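structure_13.cif, holding mmCIF, C-alpha atoms and all ligand atoms:
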```cif
data_query
#
loop_
_atom_site.label_atom_id
_atom_site.label_comp_id
_atom_site.auth_asym_id
_atom_site.auth_seq_id
_atom_site.Cartn_x
_atom_site.Cartn_y
_atom_site.Cartn_z
CA MET A 10 0.08 5.99 -13.89
CA ILE A 11 2.00 7.10 -10.77
CA GLU A 12 4.76 9.68 -10.99
CA VAL A 13 6.68 10.78 -7.95
CA SER A 14 9.33 13.52 -8.20
CA ASN A 15 11.74 14.63 -5.50
CA LEU A 16 9.30 13.83 -2.70
CA THR A 17 10.49 14.71 0.80
CA LYS A 18 8.64 14.47 4.11
CA ARG A 19 10.00 15.77 7.39
CA TYR A 20 8.45 15.23 10.80
CA ARG A 21 10.06 18.06 12.71
CA ASP A 22 13.78 17.15 12.64
CA LEU A 23 13.27 13.60 11.33
CA THR A 24 13.45 13.12 7.57
CA ALA A 25 11.11 10.18 6.89
CA ILE A 26 11.54 10.25 3.09
CA GLU A 27 14.10 12.20 1.12
CA ASP A 28 14.09 13.17 -2.53
CA LEU A 29 12.13 10.09 -3.70
CA SER A 30 11.49 9.88 -7.44
CA PHE A 31 9.91 6.96 -9.27
CA HIS A 32 7.34 6.05 -11.90
CA VAL A 33 4.88 3.14 -11.97
CA PRO A 34 3.42 2.26 -15.39
CA LYS A 35 -0.25 1.29 -15.85
CA GLY A 36 -1.11 -2.29 -14.89
CA GLU A 37 2.11 -2.98 -13.00
CA ILE A 38 2.29 -4.53 -9.54
CA LEU A 39 5.15 -2.80 -7.77
CA GLY A 40 6.61 -4.29 -4.61
CA PHE A 41 7.50 -1.44 -2.25
CA LEU A 42 10.05 -2.86 0.11
CA GLY A 43 12.05 -1.48 3.00
CA PRO A 44 13.03 -2.27 6.57
CA ASN A 45 10.80 -1.09 9.42
CA GLY A 46 10.76 2.68 9.60
CA ALA A 47 12.13 3.12 6.05
CA GLY A 48 9.30 5.45 5.07
CA LYS A 49 6.89 3.17 3.18
CA SER A 50 3.71 4.12 5.04
CA THR A 51 4.64 7.79 4.88
CA THR A 52 5.01 7.56 1.08
CA MET A 53 1.67 5.77 0.75
CA ARG A 54 -0.15 8.23 2.97
CA ILE A 55 1.16 11.06 0.80
CA LEU A 56 0.19 9.31 -2.46
CA THR A 57 -3.32 8.69 -1.17
CA GLY A 58 -3.75 12.29 -0.08
CA PHE A 59 -3.92 11.45 3.63
CA GLN A 60 -0.83 13.46 4.45
CA PRO A 61 0.94 16.44 2.87
CA ALA A 62 4.57 16.25 1.75
CA THR A 63 7.21 18.78 2.79
CA SER A 64 8.36 19.20 -0.83
CA GLY A 65 8.24 17.49 -4.21
CA THR A 66 5.36 16.42 -6.42
CA ALA A 67 3.26 13.30 -6.94
CA ARG A 68 0.77 12.60 -9.73
CA VAL A 69 -1.73 9.76 -9.97
CA ALA A 70 -3.47 9.12 -13.30
CA GLY A 71 -2.27 12.54 -14.42
CA PHE A 72 -3.69 14.41 -11.39
CA ASP A 73 -1.56 16.24 -8.86
CA VAL A 74 -1.97 14.70 -5.39
CA PHE A 75 -1.72 18.09 -3.67
CA GLU A 76 -3.57 20.28 -6.16
CA GLN A 77 -6.35 17.86 -7.20
CA PRO A 78 -6.77 15.57 -4.17
CA LEU A 79 -10.41 14.70 -4.90
CA GLU A 80 -9.63 13.56 -8.44
CA VAL A 81 -6.79 11.46 -7.04
CA LYS A 82 -8.88 9.95 -4.23
CA ARG A 83 -11.51 8.95 -6.80
CA ARG A 84 -8.89 6.91 -8.65
CA ILE A 85 -7.21 5.23 -5.69
CA GLY A 86 -8.30 2.29 -3.55
CA TYR A 87 -6.33 2.27 -0.32
CA LEU A 88 -5.83 -0.49 2.21
CA PRO A 89 -3.99 1.09 5.14
CA GLU A 90 -1.90 -1.00 7.55
CA ILE A 91 -4.94 -1.34 9.82
CA PRO A 92 -8.03 -2.09 7.68
CA PRO A 93 -10.62 0.67 8.11
CA VAL A 94 -13.51 -1.65 9.00
CA TYR A 95 -16.35 -1.19 11.49
CA PRO A 96 -16.61 -4.31 13.68
CA ASP A 97 -20.29 -3.77 14.54
CA MET A 98 -21.43 -3.83 10.90
CA SER A 99 -22.07 -6.88 8.75
CA ILE A 100 -19.70 -7.21 5.80
CA LYS A 101 -22.58 -6.46 3.42
CA ALA A 102 -23.70 -3.33 5.30
CA TYR A 103 -20.11 -2.10 5.54
CA LEU A 104 -19.38 -2.56 1.82
CA ARG A 105 -22.67 -0.85 0.88
CA PHE A 106 -21.79 2.01 3.21
CA VAL A 107 -18.31 2.46 1.67
CA ALA A 108 -19.79 2.21 -1.85
CA GLU A 109 -22.13 5.07 -0.94
CA LEU A 110 -19.25 7.12 0.48
CA LYS A 111 -17.26 6.53 -2.70
CA GLY A 112 -20.15 7.82 -4.78
CA VAL A 113 -21.06 4.53 -6.48
CA PRO A 114 -24.52 5.32 -7.97
CA ARG A 115 -27.42 3.78 -6.02
CA LYS A 116 -28.76 1.72 -8.94
CA VAL A 117 -25.45 -0.11 -9.52
CA ARG A 118 -24.39 -0.24 -5.85
CA LYS A 119 -25.65 -3.74 -5.14
CA ASP A 120 -23.94 -5.16 -8.25
CA GLU A 121 -20.71 -3.37 -7.41
CA VAL A 122 -20.73 -4.71 -3.84
CA ASP A 123 -21.37 -8.23 -5.21
CA ARG A 124 -18.53 -7.83 -7.70
CA VAL A 125 -15.91 -6.83 -5.09
CA ALA A 126 -17.22 -9.44 -2.63
CA ASN A 127 -16.63 -12.13 -5.26
CA ALA A 128 -13.21 -10.74 -6.18
CA ALA A 129 -12.10 -10.61 -2.53
CA ARG A 130 -13.79 -13.95 -1.79
CA VAL A 131 -16.12 -12.79 0.96
CA ALA A 132 -19.39 -13.39 -0.92
CA HIS A 133 -20.27 -16.40 1.27
CA VAL A 134 -19.92 -14.50 4.57
CA MET A 135 -21.68 -11.23 3.71
CA ASP A 136 -24.16 -11.38 6.60
CA ARG A 137 -21.52 -12.04 9.28
CA LEU A 138 -20.54 -9.22 11.63
CA ILE A 139 -17.01 -7.99 10.91
CA ALA A 140 -16.23 -8.43 14.65
CA ASN A 141 -16.92 -12.17 14.31
CA VAL A 142 -14.78 -13.05 11.29
CA SER A 143 -11.10 -14.03 11.35
CA LYS A 144 -8.32 -11.55 10.76
CA GLY A 145 -7.80 -13.01 7.28
CA TYR A 146 -11.41 -12.30 6.38
CA ARG A 147 -11.17 -8.80 7.83
CA GLN A 148 -8.18 -8.23 5.57
CA ARG A 149 -10.21 -9.48 2.58
CA VAL A 150 -12.99 -7.05 3.52
CA GLY A 151 -10.33 -4.32 3.59
CA ILE A 152 -9.23 -5.32 0.08
CA ALA A 153 -12.88 -5.49 -1.09
CA GLN A 154 -13.51 -1.89 0.08
CA ALA A 155 -10.34 -0.78 -1.76
CA LEU A 156 -11.69 -2.37 -4.97
CA LEU A 157 -15.08 -0.59 -4.79
CA GLY A 158 -15.59 1.72 -7.75
CA SER A 159 -12.83 -0.12 -9.66
CA PRO A 160 -10.10 2.47 -9.06
CA ASP A 161 -7.17 2.66 -11.49
CA VAL A 162 -4.68 2.45 -8.64
CA LEU A 163 -4.60 0.23 -5.56
CA ILE A 164 -2.30 0.98 -2.68
CA LEU A 165 -1.97 -1.89 -0.25
CA ASP A 166 0.03 -1.35 2.92
CA GLU A 167 1.28 -4.67 4.35
CA PRO A 168 -1.82 -6.62 3.22
CA THR A 169 -0.70 -9.94 4.74
CA VAL A 170 0.64 -8.76 8.06
CA GLY A 171 -0.58 -10.92 10.95
CA LEU A 172 -2.19 -13.56 8.72
CA ASP A 173 -1.59 -17.31 8.93
CA PRO A 174 0.25 -19.08 6.07
CA SER A 175 -2.86 -20.21 4.20
CA GLN A 176 -4.47 -16.76 4.49
CA ILE A 177 -1.21 -15.23 3.21
CA LEU A 178 -1.33 -17.45 0.11
CA GLU A 179 -4.96 -16.50 -0.53
CA VAL A 180 -4.29 -12.76 -0.26
CA ARG A 181 -1.23 -13.11 -2.55
CA ASP A 182 -3.34 -14.93 -5.16
CA LEU A 183 -5.93 -12.20 -4.93
CA VAL A 184 -3.35 -9.42 -5.40
CA ARG A 185 -1.79 -11.27 -8.36
CA SER A 186 -5.20 -11.53 -9.99
CA LEU A 187 -5.45 -7.72 -10.01
CA ALA A 188 -2.46 -7.23 -12.37
CA GLY A 189 -3.30 -5.63 -15.69
CA GLN A 190 -6.65 -4.12 -14.69
CA HIS A 191 -5.20 -2.13 -11.79
CA THR A 192 -1.86 -0.50 -11.06
CA VAL A 193 -0.85 -1.77 -7.62
CA ILE A 194 1.68 -0.62 -5.05
CA LEU A 195 2.17 -3.33 -2.49
CA SER A 196 4.14 -2.26 0.55
CA THR A 197 5.88 -4.85 2.68
CA HIS A 198 9.01 -5.57 4.64
CA ILE A 199 8.80 -9.26 3.66
CA LEU A 200 10.85 -10.14 0.62
CA GLN A 201 8.86 -13.29 -0.24
CA GLU A 202 5.78 -11.12 -0.50
CA VAL A 203 7.38 -9.31 -3.42
CA THR A 204 8.81 -12.37 -5.17
CA ALA A 205 5.40 -14.07 -4.96
CA THR A 206 3.35 -11.19 -6.36
CA CYS A 207 5.40 -8.54 -8.15
CA ASP A 208 7.57 -8.15 -11.25
CA THR A 209 9.21 -4.94 -10.19
CA VAL A 210 10.60 -3.91 -6.85
CA LEU A 211 11.33 -0.53 -5.34
CA ILE A 212 13.51 -0.64 -2.24
CA ILE A 213 13.88 2.24 0.20
CA ALA A 214 16.08 2.49 3.25
CA ARG A 215 16.05 5.41 5.68
CA GLY A 216 13.72 7.27 3.35
CA LYS A 217 16.00 7.03 0.32
CA LEU A 218 15.54 5.02 -2.83
CA VAL A 219 18.22 2.31 -3.09
CA ALA A 220 16.85 0.21 -5.98
CA HIS A 221 13.98 0.28 -8.47
CA GLU A 222 14.01 -2.48 -11.03
CA ASN A 223 12.69 -5.69 -12.44
CA LEU A 224 13.29 -8.52 -9.97
CA ARG A 225 15.14 -10.62 -12.52
CA ALA A 226 17.38 -7.70 -13.53
CA LEU A 227 18.15 -7.06 -9.86
CA GLN A 228 19.25 -10.68 -9.42
CA GLU A 229 21.36 -10.55 -12.59
CA LYS A 230 23.19 -7.51 -11.21
CA HIS A 231 24.13 -9.49 -8.09
CA PRO A 232 25.08 -12.94 -9.46
CA GLY A 233 25.23 -15.84 -6.98
CA ARG A 234 23.26 -13.95 -4.33
CA SER A 235 19.80 -14.64 -3.07
CA LEU A 236 17.26 -11.84 -3.01
CA ASP A 237 17.49 -11.85 0.79
CA GLU A 238 21.23 -11.18 0.55
CA ILE A 239 20.71 -8.47 -2.06
CA PHE A 240 18.06 -6.81 0.10
CA LEU A 241 20.33 -6.94 3.17
CA GLN A 242 23.23 -5.49 1.22
CA LEU A 243 21.17 -2.66 -0.29
CA THR A 244 19.65 -1.70 3.04
CA SER A 245 22.75 -2.50 5.12
CA ASP A 246 23.65 1.03 6.11
CA THR A 247 20.38 1.12 8.05
CA ARG A 248 21.01 -2.14 9.89
CA GLY A 249 22.95 -2.34 13.10
CA ALA A 250 22.05 1.26 13.75
CA SER A 251 20.09 1.94 16.89
CA PRO A 252 16.34 2.04 16.28
CA GLU A 253 14.94 5.36 15.18
CA PRO A 254 13.33 7.06 18.18
CA ARG A 255 9.73 7.83 17.27
CA GLN A 256 9.10 11.54 17.08
CA PRO A 257 6.05 13.06 18.73
CA MET A 258 3.05 12.29 16.51
CA GLU A 259 2.31 14.90 13.95
CA HIS A 260 -1.40 14.99 13.20
CA GLU A 261 -1.39 18.42 11.69
CA ALA A 262 -0.12 19.65 8.30
CA ALA A 263 3.57 19.39 7.30
N1 LIG B 301 3.13 10.85 12.30
C1 LIG B 301 4.44 10.74 12.56
N2 LIG B 301 5.06 11.61 13.36
C2 LIG B 301 6.39 11.54 13.60
N3 LIG B 301 7.21 10.59 13.06
C3 LIG B 301 6.64 9.69 12.24
C4 LIG B 301 5.23 9.71 11.96
N4 LIG B 301 4.97 8.69 11.09
C5 LIG B 301 6.14 8.06 10.86
N5 LIG B 301 7.15 8.65 11.56
C6 LIG B 301 8.58 8.27 11.52
O1 LIG B 301 8.99 8.33 10.14
C7 LIG B 301 9.84 7.22 9.81
C8 LIG B 301 9.21 6.43 8.68
O2 LIG B 301 8.03 5.79 9.18
P1 LIG B 301 7.05 4.94 8.25
O3 LIG B 301 5.91 4.49 9.12
O4 LIG B 301 6.73 5.70 7.02
O5 LIG B 301 7.98 3.69 7.88
P2 LIG B 301 7.58 2.26 7.30
O6 LIG B 301 8.61 1.93 6.27
O7 LIG B 301 6.16 2.24 6.88
O8 LIG B 301 7.77 1.33 8.59
P3 LIG B 301 7.00 -0.03 9.02
O9 LIG B 301 7.38 -1.09 8.04
O10 LIG B 301 7.55 -0.27 10.40
O11 LIG B 301 5.51 0.29 9.03
C9 LIG B 301 10.01 6.43 11.12
O12 LIG B 301 11.21 6.84 11.74
C10 LIG B 301 8.80 6.83 11.94
O13 LIG B 301 9.09 6.74 13.33
#
```
Would it be possible to restate this file's structure as C-alpha cells?
Amino acid sequence: MIEVSNLTKRYRDLTAIEDLSFHVPKGEILGFLGPNGAGKSTTMRILTGFQPATSGTARVAGFDVFEQPLEVKRRIGYLPEIPPVYPDMSIKAYLRFVAELKGVPRKVRKDEVDRVANAARVAHVMDRLIANVSKGYRQRVGIAQALLGSPDVLILDEPTVGLDPSQILEVRDLVRSLAGQHTVILSTHILQEVTATCDTVLIIARGKLVAHENLRALQEKHPGRSLDEIFLQLTSDTRGASPEPRQPMEHEAA
C-alpha cells in the first residue's frame, strides 16, 4: 500500500532523511519510531504530499506522491502533529466543512460526518465549539477529520502527544480499531505507543533506517533485552550528541 524507495530530504546542508526505503502492506499498523529530530515528520509530510523530497520515490496505493499528488491526497487521511482544527467552529460544522473540502458528495455528507464522529467518539459533543473542548477531544476531532472519506491510508503524527493517561488509552484503542480497514503509519517517539498499538515497527535515527520488523522478531533478535534497551541501542549513535541546531525554516520547494 505504501512503497518508499531511496527517499532523501535535505534542508540546505542538513540531511533530514537519507536513502529511506520501506514497504507497508495493506491493513498494517506500522509504528514509526525515532528520537526527536530523527526525520519522522519530514517523512510523513513527504508521503502526504505536503513537502517535496530531494530525491527518491514514494507511492501510495499505487500512485506516485510527486507525479500524482491529488490521487494520493484522496487516499490519505493525515493528522499532523498539531491538529488542523478551527477553534471558532463547532465540531459538527468543522467536520462538515472538511467533508466538503474532501469532496464527500453532499447527499452522503451528513452520514459520513456521523460515521467518523462515532468512530472517533465525538458524537455526543458535536455542537460544542472546538475552542471549548479538552485537548483530548481536539485530538479526537483531528482523527475524525482524517477518517472522513474513508481513506485507504492514515498517517498519524504523534496522536497522543500532550494527552493525559486516560485520553492516551482512548486514542490507542481508537487507532487499534482501525487495523485491517486502513493502513496506518503511527509516528511517535514513545516506545509504549508502538507496543500498545502496532505489530510492526520501523525505527529511524538521524534520518536513516535502523530497523524495520515485527515487534516480536525484533525482541527475539535481542534476547534478554527490553524494547526500551533495544531502541536505545539501535538509536545510540544519535544519543549523547549535541542537539541538532535547527536550520532556517524552509517553506519553499526542495
Ligand atoms: N522546515 C525545516 N527547515 C529546516 N530544517 C528542518 C525543517 N523541518 C525539520 N527540520 C530539521 O530536520 C530534522 C528532522 O526533523 P523532523 O521534524 O522530521 O524530525 P522528527 O523525527 O519528526 O522530530 P520530533 O519527534 O521532534 O517531531 C531536524 O534536525 C529538524 O531540525
Original post:
Of the candidates A:Asp166, A:Asp120, A:Asp73, A:Asp97, which shows the shortest atom-to-atom distance to ligand LIG 301 (chain B), using only C-alpha atoms and all ligand atoms?
Top reply: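 Smallest separation from ligand LIG 301 (chain B) among the options: A:Asp166.
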Subject >> Among the residues A:Thr169, A:Ser99, A:Asn15, A:Ser175, the one that comes closest to Met135 in chain A [using all atoms listed in the file] >> reply: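 So, comparing all the options, the nearest one is A:Ser99.
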**OP:** Find the residue from A:Thr197, A:Thr17, A:Gln154, A:Gln228 that sits nearest to ligand LIG 301 (chain B); use all atoms listed in the file when measuring.
**Re:** A:Thr197
Can you sort out the box for ligand LIG 301 (chain B), edges along x, y and z, all listed atoms in, 8 Å on every side, with centre and edge lengths in Å to one decimal, as JSON?
```
{"center_x": 7.2, "center_y": 5.3, "center_z": 9.9, "size_x": 24.1, "size_y": 28.7, "size_z": 23.3}
```
Original post:
Interatomic distance between atom O7 of ligand LIG 301 (chain B) and CA of Gly171 in chain A?
Top reply: 15.3 Å
Contacts of range 150-263 of chain A with range 81-84 of chain A up to 9 Å, shortest pair per row, only C-alpha atoms, as a Markdown table:
```
| residue | atom | partner | partner_atom | distance |
| --- | --- | --- | --- | --- |
| A:Gly158 | CA | A:Arg83 | CA | 8.4 |
| A:Ser159 | CA | A:Arg84 | CA | 8.1 |
| A:Pro160 | CA | A:Arg84 | CA | 4.6 |
| A:Asp161 | CA | A:Arg84 | CA | 5.4 |
| A:Val162 | CA | A:Arg84 | CA | 6.1 |
| A:Leu163 | CA | A:Arg84 | CA | 8.5 |
```
**OP:** Rank nothing, just name the residue among A:Leu16, A:Ala155, A:Leu110, A:Ala47 nearest to ligand LIG 301 (chain B), using only C-alpha atoms and all ligand atoms.
**Re:** A:Ala47
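When only C-alpha atoms are used to measure the gap to Val33 in chain A, the shortest distance among A:Gln242, A:Asn223, A:Thr51, A:Gln176 belongs to A:Asn223.
Closest approach to Arg130 in chain A among A:Gly48, A:Gly145, A:Gly189, A:Pro93 is made by A:Gly145 (distances from all atoms listed in the file).
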Original post:
Can you tell me, as a PyMOL selection string, which residues sit within 12 Å of (-2.2, -0.3, 2.2) in the file's frame, using all atoms listed in the file?
Top reply: chain A and resi 40-41+49-57+59+85-93+148+151-152+154-155+162-170+184+193-197
Original post:
What is the distance between CA of Phe31 in chain A and CA of Leu79 in chain A, in Å to one decimal?
Top reply: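 Computing it gives 22.2 Å between the two atoms.
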Original post:
Between CA of Thr204 in chain A and CA of Ile26 in chain A, what is the spacing in Å?
Top reply: 24.2 Å
